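Data block below; observations after.
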Amino acid sequence: MTTVETTLTGPSPEPDREPVPAAPPPVRDWPACDLDGTAFDPVLAGFMREGPLTRIRLPHGEGWAWLATRYDDVRLITNDPRFGRAEVTRRQVTRMAPNFAPRPGSLAWADQPDHNRLRKAVAGAFTVSAAKRLRPRAQAVLDELVDGVVADGPPADLVERVLEPFPLTVVSEVMGVPAADRERVHAWTRQIISTSGGPEAAGQAKTGLYGWIAATVRARAHSTDEDVYALLGRAVLRGEIAEEEAVGLAGPLQIGGEAVTHNCGQMLYLMLTRPELMERMRTRPEARGPVLDELLRHIPHRSSVGLARIAREDVEVAGRLIAAGEPVYVSYLAANRDPAVFPDPERIDPDRDPNPHLAFGNGPHYCTGAVLARLQTELLVDTLLDRLPGLRLAVPPEQVRWRQKTMIRGPRTLPVTW
């Protein structure tokens, strides 16, 4: 970490005067880090040691932003209407992503009441009942992929053979992506979450994806299907949302399938490199759910932080004043390692109870696809462990290759045998 701004406090105030506010902490650079394995970001760990609020500067954008790392502060900020997202779209807030082109309609940038209006348009595709209806089809897709792995025999790359094609197919069916377009859509979403091609490559991918989404929404306006693009097409036709809002809504949902691939890759890597964890999962299949929650809490699913908020008025957080107009980030990764909430937070504890992790976010911006993501995670882990009882790494752990220059962390390959 590099200190790029320092401030000095003056002499102690005289007794009959108002106390001088505490000097703001220095601004810390947070460079893009390429980390292998499931190691926790050492820069973020340093911020957590410094205190509950840090001022940070990320590789792109302008200026600095507050970063909250303590669990209670993260929950407060993410559920308090005094902090909003919409204003961020009109500013060049310091950020990790090289390309910044927020679109109208994106749930990620919407504040109330627009957020609820927009979310209502797609909510039907992401309910618990919708996931239950989807489960048999998702299991059939997964079984076919694993059948191919078994037929070809070991070794196999789980990322290539299962972890990538399964969420791609499931999300494509939920969204309503025709089979002929799926690989093209997947190529766009991969580039959007990558930082390797810089702003130009990410911008071109967004242009391609969002142009395709606009055409698809228009084409599905009279469909009676219940996939997302049909729901959006009908909502536009009824005048409930604008077409550009429909496009902004669909984009992040389409990209969300990438997270399942890489989160499950990290979870399986941990099982494959910790015999006691794998043994627990195999011998107590009825109790896998709590272990998956603990792994969701533990894995560093992303690089750095997500999207900023702006303070709409002066707000005191953790004893410091966040002034109106100042940008604020929260770290769910740090909150999930807060020792005040999770004793011995660095340890994977399969029996951790309670486990109020924030892996899917908090507040109005809680992940829209959380139910779908959890369904896919459960199916992947159950099916792979049950169908491949001798599953183990085919290479030493240090030879597993990890994604670089990306905002979502995970293994590039996961070579296994059985």
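Residue numbering restarts at 1 for every chain of the structure tokens, chains are lettered A, B, ... in their displayed order, and ligands are numbered from 1 as they appear.
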Shell around Leu391 of chain A at 6 Å using only C-alpha atoms, local window under 2 positions removed, as a list in words:
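The filter keeps Leu388, Pro389, Thr417 and Trp418 of chain A.
Going from atom CA of Phe360 of chain A to atom CA of Leu393 of chain A covers 28.4 Å.
Closest approach to Ala121 of chain A among A:Ile322, A:Leu107, A:Ala187, A:Met48: A:Leu107, based on only C-alpha atoms.
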Requested in this report: May I ask which of the residues A:Leu249, A:Ala201, A:Val330, A:Ala235 is the closest one to Asn362 of chain A, counting only C-alpha atoms?
Outcome: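 Counting only C-alpha atoms, the residue closest to Asn362 of chain A is A:Val330.
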Discussion item. Ranking A:Ala68, A:Leu379, A:Val260, A:Ala242 by minimum distance to Gly289 of chain A and counting only C-alpha atoms, which one comes first?
Written reply: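 Looking only at the distances to Gly289 of chain A, the closest residue turns out to be A:Leu379.
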Open item on the list: What parts of segment 49-264 of chain A does DSSP call alpha helix (DSSP H)? I'd like the answer as a ChimeraX atom specification.
Closed with: /A:49-50,71-78,114-122,128-152,158,165-175,182-192,198-219,228-237,243-255,257-264
